[in-house]
>>> print(open('target_24.txt').read())   # compact mmCIF, C-alpha atoms and all ligand atoms
# COMPACT_ATOMS: atom_id res chain seq x y z
CA MET A 123 83.74 112.38 92.99
CA SER A 124 83.51 111.68 89.28
CA SER A 125 84.53 108.33 87.93
CA VAL A 126 86.86 107.55 85.06
CA GLY A 127 85.29 104.18 84.39
CA ASP A 128 85.08 101.97 81.33
CA GLY A 129 82.59 104.18 79.56
CA ALA A 130 84.96 107.10 79.06
CA GLN A 131 85.67 107.69 75.42
CA ASP A 132 89.07 106.51 74.21
CA ALA A 133 89.70 104.95 77.59
CA HIS A 134 91.22 101.86 76.05
CA ARG A 135 93.66 103.97 74.05
CA LYS A 136 95.01 105.85 77.06
CA PRO A 137 98.39 104.68 78.28
CA ALA A 138 98.51 103.24 81.76
CA THR A 139 99.60 105.55 84.56
CA ALA A 140 101.24 104.80 87.89
CA ALA A 141 98.47 106.75 89.66
CA ARG A 142 95.63 104.72 88.18
CA MET A 143 97.49 101.41 88.50
CA TYR A 144 98.05 102.16 92.18
CA ASP A 145 94.37 103.02 92.53
CA TYR A 146 93.60 99.59 91.05
CA TYR A 147 96.00 97.83 93.46
CA LEU A 148 94.09 99.54 96.27
CA GLY A 149 90.75 98.34 94.93
CA GLY A 150 89.72 101.79 93.63
CA ILE A 151 87.50 102.53 90.63
CA HIS A 152 89.45 105.39 89.08
CA ASN A 153 91.28 103.40 86.44
CA PHE A 154 90.95 102.49 82.77
CA PRO A 155 91.17 99.12 81.02
CA ALA A 156 94.74 99.94 79.93
CA ASP A 157 95.73 100.46 83.58
CA ARG A 158 94.05 97.25 84.70
CA GLU A 159 95.70 95.27 81.93
CA VAL A 160 99.20 96.28 83.01
CA ALA A 161 98.34 96.17 86.71
CA ASN A 162 96.92 92.66 86.39
CA ALA A 163 100.05 91.48 84.61
CA VAL A 164 102.14 92.92 87.45
CA LEU A 165 99.84 91.48 90.12
CA GLU A 166 99.92 88.04 88.57
CA ARG A 167 103.67 87.95 89.13
CA THR A 168 103.68 89.77 92.44
CA PRO A 169 100.27 89.51 94.13
CA ARG A 170 101.70 90.93 97.35
CA LEU A 171 101.74 94.33 95.68
CA ARG A 172 98.14 94.82 96.80
CA THR A 173 99.21 94.33 100.41
CA ILE A 174 102.20 96.60 99.93
CA ALA A 175 99.95 99.34 98.51
CA ARG A 176 97.54 99.04 101.47
CA ASP A 177 100.39 98.96 103.97
CA ASN A 178 101.90 102.02 102.32
CA ARG A 179 98.62 103.92 102.83
CA ALA A 180 98.57 102.76 106.45
CA PHE A 181 102.11 104.09 106.92
CA LEU A 182 101.03 107.43 105.45
CA THR A 183 98.19 107.57 107.98
CA ARG A 184 100.52 106.78 110.90
CA ALA A 185 103.05 109.34 109.70
CA VAL A 186 100.47 112.14 109.34
CA ARG A 187 98.98 111.35 112.78
CA TYR A 188 102.48 111.46 114.24
CA LEU A 189 103.19 114.79 112.53
CA THR A 190 100.03 116.42 113.86
CA SER A 191 100.93 115.09 117.32
CA VAL A 192 104.28 116.93 117.19
CA GLY A 193 102.65 120.17 116.07
CA VAL A 194 102.91 120.09 112.27
CA ARG A 195 99.98 121.92 110.73
CA GLN A 196 101.02 122.17 107.06
CA PHE A 197 101.50 119.40 104.51
CA LEU A 198 102.92 119.36 101.00
CA ASP A 199 102.00 115.91 99.67
CA ILE A 200 103.89 115.30 96.43
CA GLY A 201 102.94 112.36 94.22
CA SER A 202 99.72 112.33 96.20
CA GLY A 203 97.84 110.06 93.80
CA ILE A 204 94.13 109.59 93.21
CA PRO A 205 92.15 110.25 96.40
CA THR A 206 91.40 107.12 98.36
CA GLU A 207 90.66 106.12 101.93
CA GLY A 208 92.72 108.06 104.46
CA ASN A 209 93.68 111.12 102.46
CA VAL A 210 96.17 113.42 104.14
CA HIS A 211 93.72 116.31 104.64
CA GLU A 212 91.18 113.96 106.23
CA ILE A 213 93.70 112.62 108.74
CA ALA A 214 95.33 115.97 109.43
CA GLN A 215 92.09 117.96 109.68
CA ALA A 216 90.55 115.33 111.97
CA ALA A 217 93.28 116.28 114.45
CA VAL A 218 93.68 119.95 113.49
CA PRO A 219 90.62 121.31 111.66
CA ASP A 220 92.51 124.12 109.95
CA ALA A 221 95.52 122.03 108.93
CA ARG A 222 96.70 123.10 105.48
CA VAL A 223 97.32 120.58 102.73
CA VAL A 224 98.53 120.98 99.16
CA TYR A 225 98.41 117.87 97.00
CA VAL A 226 100.77 117.70 94.03
CA ASP A 227 100.73 115.15 91.27
CA ILE A 228 101.91 114.88 87.69
CA ASP A 229 98.78 112.98 86.72
CA PRO A 230 95.88 115.23 85.64
CA ASP A 231 93.27 112.66 86.73
CA ALA A 232 94.76 112.53 90.22
CA VAL A 233 94.62 116.33 90.42
CA SER A 234 91.07 116.70 89.12
CA GLU A 235 89.76 113.93 91.38
CA SER A 236 91.48 115.62 94.32
CA LEU A 237 89.99 119.01 93.42
CA ASP A 238 86.52 117.44 93.23
CA LEU A 239 86.97 115.94 96.66
CA LEU A 240 88.31 119.19 98.11
CA ASP A 241 85.48 121.36 96.81
CA GLY A 242 84.52 123.65 99.69
CA ASN A 243 87.62 122.87 101.76
CA GLU A 244 89.37 126.21 101.99
CA HIS A 245 92.45 124.79 103.71
CA ALA A 246 93.38 122.25 101.06
CA THR A 247 93.97 122.19 97.31
CA ALA A 248 95.66 120.20 94.56
CA ILE A 249 98.00 121.27 91.79
CA ARG A 250 99.54 119.55 88.83
CA ALA A 251 103.32 119.64 88.93
CA ASN A 252 106.40 117.49 88.53
CA VAL A 253 108.50 116.58 91.56
CA ARG A 254 111.51 116.91 89.29
CA GLU A 255 110.84 120.66 89.31
CA PRO A 256 110.89 121.34 93.05
CA GLN A 257 111.39 125.10 92.78
CA ALA A 258 108.32 125.41 90.53
CA ILE A 259 106.31 123.59 93.22
CA LEU A 260 107.69 125.82 95.98
CA ASP A 261 106.96 128.96 93.94
CA HIS A 262 103.50 127.87 92.83
CA PRO A 263 100.92 130.53 93.77
CA GLN A 264 98.57 127.97 95.38
CA VAL A 265 101.42 126.60 97.47
CA ARG A 266 102.45 130.09 98.55
CA LYS A 267 98.83 130.97 99.29
CA LEU A 268 98.15 128.02 101.59
CA LEU A 269 101.53 127.22 103.14
CA ASP A 270 103.67 129.50 105.29
CA PHE A 271 107.27 128.37 104.92
CA ASP A 272 108.31 130.37 107.99
CA GLN A 273 106.39 127.72 109.96
CA PRO A 274 106.98 123.95 109.96
CA VAL A 275 105.82 122.15 106.83
CA ALA A 276 105.83 118.39 106.26
CA VAL A 277 106.97 117.41 102.78
CA LEU A 278 105.55 114.00 101.93
CA LEU A 279 107.35 112.02 99.24
CA VAL A 280 105.47 108.78 99.74
CA ALA A 281 105.96 106.17 97.02
CA VAL A 282 106.97 108.79 94.46
CA LEU A 283 110.77 109.13 94.38
CA HIS A 284 111.12 105.65 92.89
CA PHE A 285 109.38 107.11 89.83
CA VAL A 286 112.28 109.54 89.40
CA GLU A 287 115.27 108.13 87.58
CA ASP A 288 118.84 108.60 88.74
CA THR A 289 119.53 110.92 85.83
CA ASP A 290 117.41 113.49 87.67
CA GLU A 291 119.68 114.00 90.69
CA VAL A 292 117.07 112.98 93.19
CA GLY A 293 119.27 114.17 96.05
CA ASP A 294 119.18 117.71 94.61
CA ILE A 295 115.39 117.57 94.36
CA VAL A 296 115.07 116.71 98.05
CA ALA A 297 117.73 119.27 98.99
CA THR A 298 115.77 122.01 97.20
CA PHE A 299 112.75 121.25 99.36
CA ARG A 300 114.92 121.10 102.48
CA SER A 301 116.42 124.52 101.82
CA ALA A 302 112.92 126.06 101.73
CA LEU A 303 111.88 124.63 105.09
CA ALA A 304 111.86 126.12 108.60
CA THR A 305 113.13 124.39 111.74
CA GLY A 306 110.66 121.77 112.92
CA SER A 307 109.66 120.88 109.37
CA HIS A 308 109.59 117.22 108.43
CA LEU A 309 110.34 114.97 105.47
CA VAL A 310 108.43 111.72 104.99
CA ILE A 311 109.67 109.15 102.48
CA ALA A 312 108.43 105.73 101.41
CA HIS A 313 110.60 104.17 98.72
CA ALA A 314 110.73 100.87 96.83
CA THR A 315 113.85 98.75 97.06
CA ILE A 316 115.20 95.45 95.82
CA ASP A 317 117.89 95.29 98.51
CA GLU A 318 116.58 91.97 99.73
CA LEU A 319 115.22 90.71 96.48
CA VAL A 320 112.20 88.70 97.47
CA PHE A 321 110.80 88.68 93.96
CA ASP A 322 112.31 86.43 91.38
CA GLN A 323 114.90 88.53 89.50
CA ARG A 324 113.30 87.89 86.10
CA LEU A 325 109.81 88.71 87.34
CA TRP A 326 111.04 91.96 88.80
CA GLN A 327 112.74 92.90 85.54
CA GLN A 328 109.48 92.22 83.71
CA THR A 329 107.64 94.54 86.09
CA GLN A 330 110.24 97.24 85.52
CA ARG A 331 109.91 96.74 81.78
CA GLU A 332 106.14 97.07 82.04
CA TYR A 333 106.31 100.38 83.91
CA ARG A 334 108.92 101.64 81.44
CA GLN A 335 106.99 100.64 78.32
CA GLN A 336 103.39 101.21 79.40
CA THR A 337 103.66 104.29 81.62
CA THR A 338 105.59 107.54 81.53
CA THR A 339 107.04 106.85 85.00
CA PRO A 340 109.62 104.03 85.02
CA LEU A 341 110.44 102.44 88.36
CA THR A 342 113.83 103.00 90.02
CA PRO A 343 114.20 101.03 93.27
CA ARG A 344 117.04 102.20 95.52
CA LYS A 345 119.34 100.84 98.19
CA LYS A 346 118.85 101.72 101.83
CA SER A 347 122.00 103.86 101.81
CA ASP A 348 120.64 105.92 98.88
CA VAL A 349 117.28 106.46 100.56
CA ALA A 350 119.09 107.39 103.79
CA ARG A 351 121.00 110.10 101.91
CA PHE A 352 117.73 111.83 101.01
CA PHE A 353 117.44 112.59 104.74
CA ASP A 354 120.75 114.52 104.79
CA GLY A 355 120.26 117.56 107.01
CA PHE A 356 117.26 115.97 108.77
CA GLU A 357 117.27 113.98 112.02
CA LEU A 358 115.47 110.67 111.52
CA VAL A 359 112.82 110.24 114.19
CA GLU A 360 112.55 106.85 115.90
CA PRO A 361 112.67 104.12 114.72
CA GLY A 362 114.72 105.52 111.80
CA LEU A 363 114.70 104.26 108.24
CA VAL A 364 112.98 100.87 108.42
CA TRP A 365 110.85 98.41 106.49
CA LEU A 366 107.31 99.61 105.82
CA ASN A 367 105.46 98.03 108.73
CA GLN A 368 108.24 98.60 111.26
CA TRP A 369 107.57 102.34 111.46
CA ARG A 370 105.60 102.90 114.68
CA PRO A 371 103.11 100.08 114.02
CA ASP A 372 99.66 100.40 115.56
CA PRO A 373 99.15 97.83 118.34
CA ASP A 374 96.21 96.23 116.55
CA MET A 375 97.80 96.33 113.10
CA VAL A 376 97.34 93.23 110.96
CA ASP A 377 100.74 92.66 109.43
CA GLU A 378 101.12 90.07 106.72
CA PHE A 379 104.87 90.70 106.67
CA MET A 380 105.34 90.39 110.43
CA ASP A 381 108.01 87.68 110.25
CA LYS A 382 109.48 88.87 106.98
CA PRO A 383 109.37 92.67 106.95
CA GLU A 384 111.65 92.80 103.91
CA HIS A 385 108.78 91.35 101.86
CA SER A 386 107.27 94.81 101.86
CA SER A 387 110.15 95.88 99.58
CA PHE A 388 109.64 99.43 100.89
CA TYR A 389 111.83 101.56 103.14
CA VAL A 390 110.10 104.30 105.09
CA GLY A 391 111.27 107.07 107.36
CA VAL A 392 110.39 110.45 108.83
CA GLY A 393 113.03 113.12 109.36
CA ARG A 394 112.86 116.37 111.35
CA LEU A 395 114.74 119.49 110.33
CA PRO A 396 116.68 120.68 113.40
N1 LIG B 1 101.61 109.16 97.68
C1 LIG B 1 100.45 108.33 97.44
C2 LIG B 1 100.51 107.14 98.36
O1 LIG B 1 101.60 106.82 98.81
O2 LIG B 1 99.48 106.52 98.61
C3 LIG B 1 100.37 107.87 95.98
C4 LIG B 1 101.56 107.07 95.52
S1 LIG B 1 101.41 106.46 93.86
C5 LIG B 1 102.25 104.94 94.00
C6 LIG B 1 102.64 107.46 93.03
C7 LIG B 1 102.11 108.78 92.56
O3 LIG B 1 103.23 109.57 92.15
C8 LIG B 1 101.19 108.69 91.35
O4 LIG B 1 100.01 109.39 91.61
C9 LIG B 1 101.98 109.34 90.22
O5 LIG B 1 101.17 110.04 89.28
C10 LIG B 1 102.86 110.30 90.99
N2 LIG B 1 104.08 110.68 90.27
C11 LIG B 1 104.92 109.89 89.56
N3 LIG B 1 105.93 110.61 89.05
C12 LIG B 1 105.71 111.89 89.44
C13 LIG B 1 106.40 113.11 89.22
N4 LIG B 1 107.52 113.15 88.47
N5 LIG B 1 105.92 114.24 89.79
C14 LIG B 1 104.77 114.21 90.53
N6 LIG B 1 104.08 113.09 90.75
C15 LIG B 1 104.53 111.94 90.22
>>> encode(input="target_24.txt", output="structure tokens", more="lines below")
Ligand code: SAM
Amino acid sequence: MSSVGDGAQDAHRKPATAARMYDYYLGGIHNFPADREVANAVLERTPRLRTIARDNRAFLTRAVRYLTSVGVRQFLDIGSGIPTEGNVHEIAQAAVPDARVVYVDIDPDAVSESLDLLDGNEHATAIRANVREPQAILDHPQVRKLLDFDQPVAVLLVAVLHFVEDTDEVGDIVATFRSALATGSHLVIAHATIDELVFDQRLWQQTQREYRQQTTTPLTPRKKSDVARFFDGFELVEPGLVWLNQWRPDPDMVDEFMDKPEHSSFYVGVGRLP
């Protein structure tokens, strides 16, 4: 995998991106000084974001393992990010060697790093696209080549919808994916919230300002009822729409938020299309 480290020309002039900031929260090396500058400012106010990012990856792992266990063999991972530990194809193909995975991200670095990693893997690829254009994703030749929409597909929208503003009719975006899916398909969502505001209000507003000013993807946290609506038409599998670490926790899971699950500030859920 190639690195986008400090030495890259013009690195310091690049704007920060959500993908590279998230990579930094996770301890990755695929980020520029501009990303680290903004990420460090955010982390200084809300250090628990590192834990939230790690816990979010752990949820993704549990969700994909669950999906393979119920027979899902195809994954459309949108807002997939820069490859890191526990990528969807690694988890899915460990259980089902020919599981199909298409990664989608708006960030060109995330896509090129993914393509590097997937070199030689004929069942997985990555494309650059915008979740706000769901039909373009569904019609994309690579998506059509790898995924058979007459069979169950899992659409993963993990930590991405909160980068879509309300002006974009997020419900319509999710509905467009739903209408393309066969019975037995699944929808996985992880979404930021400030329902139980555990951050100081002013600090949170500063973080929102930072994402708005320094990246092209402002943050839009949503209420539980709004996230629940994205599952319209799906049946939520147990335990429903819950705080991040409450979704089918592993028995040996180390959970910093055990007694205060709302400190994850993330709702997660998995729905099945009947
Ligand atoms: N899904 C991965 C996970 O949960 O570990 C990565 C989540 S990361 C916080 C959010 C990702 O969404 C970033 O890689 C970012 O580039 C991508 N993203 C943001 N807005 C997007 C959009 N409109 N369309 C596609 N991807 C987007």
>>> residues_near_ligand(input="target_24.txt", ligand="ligand LIG 1 (chain B)", cutoff="7 Å", atoms="only C-alpha atoms and all ligand atoms", output="list in words")
Thr139, Ala140, Ala141, Tyr144, Asn178, Arg179, Leu182, Ile200, Gly201, Ser202, Gly203, Ile204, Val226, Asp227, Ile228, Asp229, Ala232, Ala251, Asn252, Val253, Arg254, Leu279, Val280, Ala281, Val282, Phe285, Val286 and Thr339 of chain A
>>> write_last_selection(input="target_24.txt", atoms="C-alpha atoms", output="PDB file, keeping the file's coordinate frame")
ATOM      1  CA  THR A 139      99.600 105.550  84.560  1.00  0.00           C
ATOM      2  CA  ALA A 140     101.240 104.800  87.890  1.00  0.00           C
ATOM      3  CA  ALA A 141      98.470 106.750  89.660  1.00  0.00           C
ATOM      4  CA  TYR A 144      98.050 102.160  92.180  1.00  0.00           C
ATOM      5  CA  ASN A 178     101.900 102.020 102.320  1.00  0.00           C
ATOM      6  CA  ARG A 179      98.620 103.920 102.830  1.00  0.00           C
ATOM      7  CA  LEU A 182     101.030 107.430 105.450  1.00  0.00           C
ATOM      8  CA  ILE A 200     103.890 115.300  96.430  1.00  0.00           C
ATOM      9  CA  GLY A 201     102.940 112.360  94.220  1.00  0.00           C
ATOM     10  CA  SER A 202      99.720 112.330  96.200  1.00  0.00           C
ATOM     11  CA  GLY A 203      97.840 110.060  93.800  1.00  0.00           C
ATOM     12  CA  ILE A 204      94.130 109.590  93.210  1.00  0.00           C
ATOM     13  CA  VAL A 226     100.770 117.700  94.030  1.00  0.00           C
ATOM     14  CA  ASP A 227     100.730 115.150  91.270  1.00  0.00           C
ATOM     15  CA  ILE A 228     101.910 114.880  87.690  1.00  0.00           C
ATOM     16  CA  ASP A 229      98.780 112.980  86.720  1.00  0.00           C
ATOM     17  CA  ALA A 232      94.760 112.530  90.220  1.00  0.00           C
ATOM     18  CA  ALA A 251     103.320 119.640  88.930  1.00  0.00           C
ATOM     19  CA  ASN A 252     106.400 117.490  88.530  1.00  0.00           C
ATOM     20  CA  VAL A 253     108.500 116.580  91.560  1.00  0.00           C
ATOM     21  CA  ARG A 254     111.510 116.910  89.290  1.00  0.00           C
ATOM     22  CA  LEU A 279     107.350 112.020  99.240  1.00  0.00           C
ATOM     23  CA  VAL A 280     105.470 108.780  99.740  1.00  0.00           C
ATOM     24  CA  ALA A 281     105.960 106.170  97.020  1.00  0.00           C
ATOM     25  CA  VAL A 282     106.970 108.790  94.460  1.00  0.00           C
ATOM     26  CA  PHE A 285     109.380 107.110  89.830  1.00  0.00           C
ATOM     27  CA  VAL A 286     112.280 109.540  89.400  1.00  0.00           C
ATOM     28  CA  THR A 339     107.040 106.850  85.000  1.00  0.00           C
TER      29      THR A 339
END
>>> closest_atom_pairs(input="target_24.txt", of="range 254-367 of chain A", to="range 378-392 of chain A", cutoff="7 Å", atoms="all atoms listed in the file", output="JSON lines")
{"residue": "A:His308", "atom": "CA", "partner": "A:Val392", "partner_atom": "CA", "distance": 6.8}
{"residue": "A:Leu309", "atom": "CA", "partner": "A:Val392", "partner_atom": "CA", "distance": 5.6}
{"residue": "A:Val310", "atom": "CA", "partner": "A:Val392", "partner_atom": "CA", "distance": 4.5}
{"residue": "A:Ile311", "atom": "CA", "partner": "A:Val390", "partner_atom": "CA", "distance": 5.5}
{"residue": "A:Ala312", "atom": "CA", "partner": "A:Val390", "partner_atom": "CA", "distance": 4.3}
{"residue": "A:His313", "atom": "CA", "partner": "A:Tyr389", "partner_atom": "CA", "distance": 5.3}
{"residue": "A:Ala314", "atom": "CA", "partner": "A:Phe388", "partner_atom": "CA", "distance": 4.4}
{"residue": "A:Thr315", "atom": "CA", "partner": "A:Ser387", "partner_atom": "CA", "distance": 5.3}
{"residue": "A:Ile316", "atom": "CA", "partner": "A:Ser387", "partner_atom": "CA", "distance": 6.3}
{"residue": "A:Glu318", "atom": "CA", "partner": "A:Glu384", "partner_atom": "CA", "distance": 6.5}
{"residue": "A:Val320", "atom": "CA", "partner": "A:His385", "partner_atom": "CA", "distance": 6.2}
{"residue": "A:Leu358", "atom": "CA", "partner": "A:Val392", "partner_atom": "CA", "distance": 5.8}
{"residue": "A:Val359", "atom": "CA", "partner": "A:Val392", "partner_atom": "CA", "distance": 5.9}
{"residue": "A:Gly362", "atom": "CA", "partner": "A:Gly391", "partner_atom": "CA", "distance": 5.8}
{"residue": "A:Leu363", "atom": "CA", "partner": "A:Gly391", "partner_atom": "CA", "distance": 4.5}
{"residue": "A:Val364", "atom": "CA", "partner": "A:Tyr389", "partner_atom": "CA", "distance": 5.4}
{"residue": "A:Trp365", "atom": "CA", "partner": "A:Tyr389", "partner_atom": "CA", "distance": 4.7}
{"residue": "A:Leu366", "atom": "CA", "partner": "A:Phe388", "partner_atom": "CA", "distance": 5.5}
{"residue": "A:Asn367", "atom": "CA", "partner": "A:Pro383", "partner_atom": "CA", "distance": 6.9}
>>> axis_aligned_box(input="target_24.txt", around="range 208-221 of chain A", padding_each_side="4 Å", output="JSON")
{"center_x": 93.4, "center_y": 116.1, "center_z": 108.5, "size_x": 13.6, "size_y": 24.1, "size_z": 20.0}
>>> residues_around(input="target_24.txt", residues="Thr329 in chain A", least_positions_apart="3", cutoff="9 Å", atoms="all atoms listed in the file", output="mmCIF file with C-alpha atoms, in the coordinates of the input")
data_model
loop_
_atom_site.group_PDB
_atom_site.id
_atom_site.type_symbol
_atom_site.label_atom_id
_atom_site.label_comp_id
_atom_site.auth_asym_id
_atom_site.auth_seq_id
_atom_site.Cartn_x
_atom_site.Cartn_y
_atom_site.Cartn_z
ATOM 1 C CA ALA A 163 100.050 91.480 84.610
ATOM 2 C CA VAL A 164 102.140 92.920 87.450
ATOM 3 C CA ARG A 167 103.670 87.950 89.130
ATOM 4 C CA THR A 168 103.680 89.770 92.440
ATOM 5 C CA ARG A 324 113.300 87.890 86.100
ATOM 6 C CA LEU A 325 109.810 88.710 87.340
ATOM 7 C CA TRP A 326 111.040 91.960 88.800
ATOM 8 C CA GLU A 332 106.140 97.070 82.040
ATOM 9 C CA TYR A 333 106.310 100.380 83.910
ATOM 10 C CA ARG A 334 108.920 101.640 81.440
ATOM 11 C CA LEU A 341 110.440 102.440 88.360
#
>>> closest_residue(input="target_24.txt", among="A:Pro137, A:Pro274, A:Pro230, A:Pro205", to="His152 in chain A", atoms="all atoms listed in the file")
A:Pro205
>>> atom_distance(input="target_24.txt", atom1="CA of Glu291 in chain A", atom2="CA of Ala258 in chain A")
16.1 Å
>>> atom_distance(input="target_24.txt", atom1="CA of Arg176 in chain A", atom2="CA of Leu239 in chain A")
20.5 Å
>>> residues_around(input="target_24.txt", residues="His211 in chain A", least_positions_apart="4", cutoff="12 Å", atoms="only C-alpha atoms", output="PyMOL selection string")
chain A and resi 182-183+186-187+190+195-199+202+205-207+215-225+236+239-240+243-248
>>> atom_distance(input="target_24.txt", atom1="CA of Gln264 in chain A", atom2="CA of Asn209 in chain A")
18.9 Å
>>> closest_residue(input="target_24.txt", among="A:Tyr147, A:Tyr188, A:Phe299, A:Phe353", to="Arg172 in chain A", atoms="all atoms listed in the file")
A:Tyr147
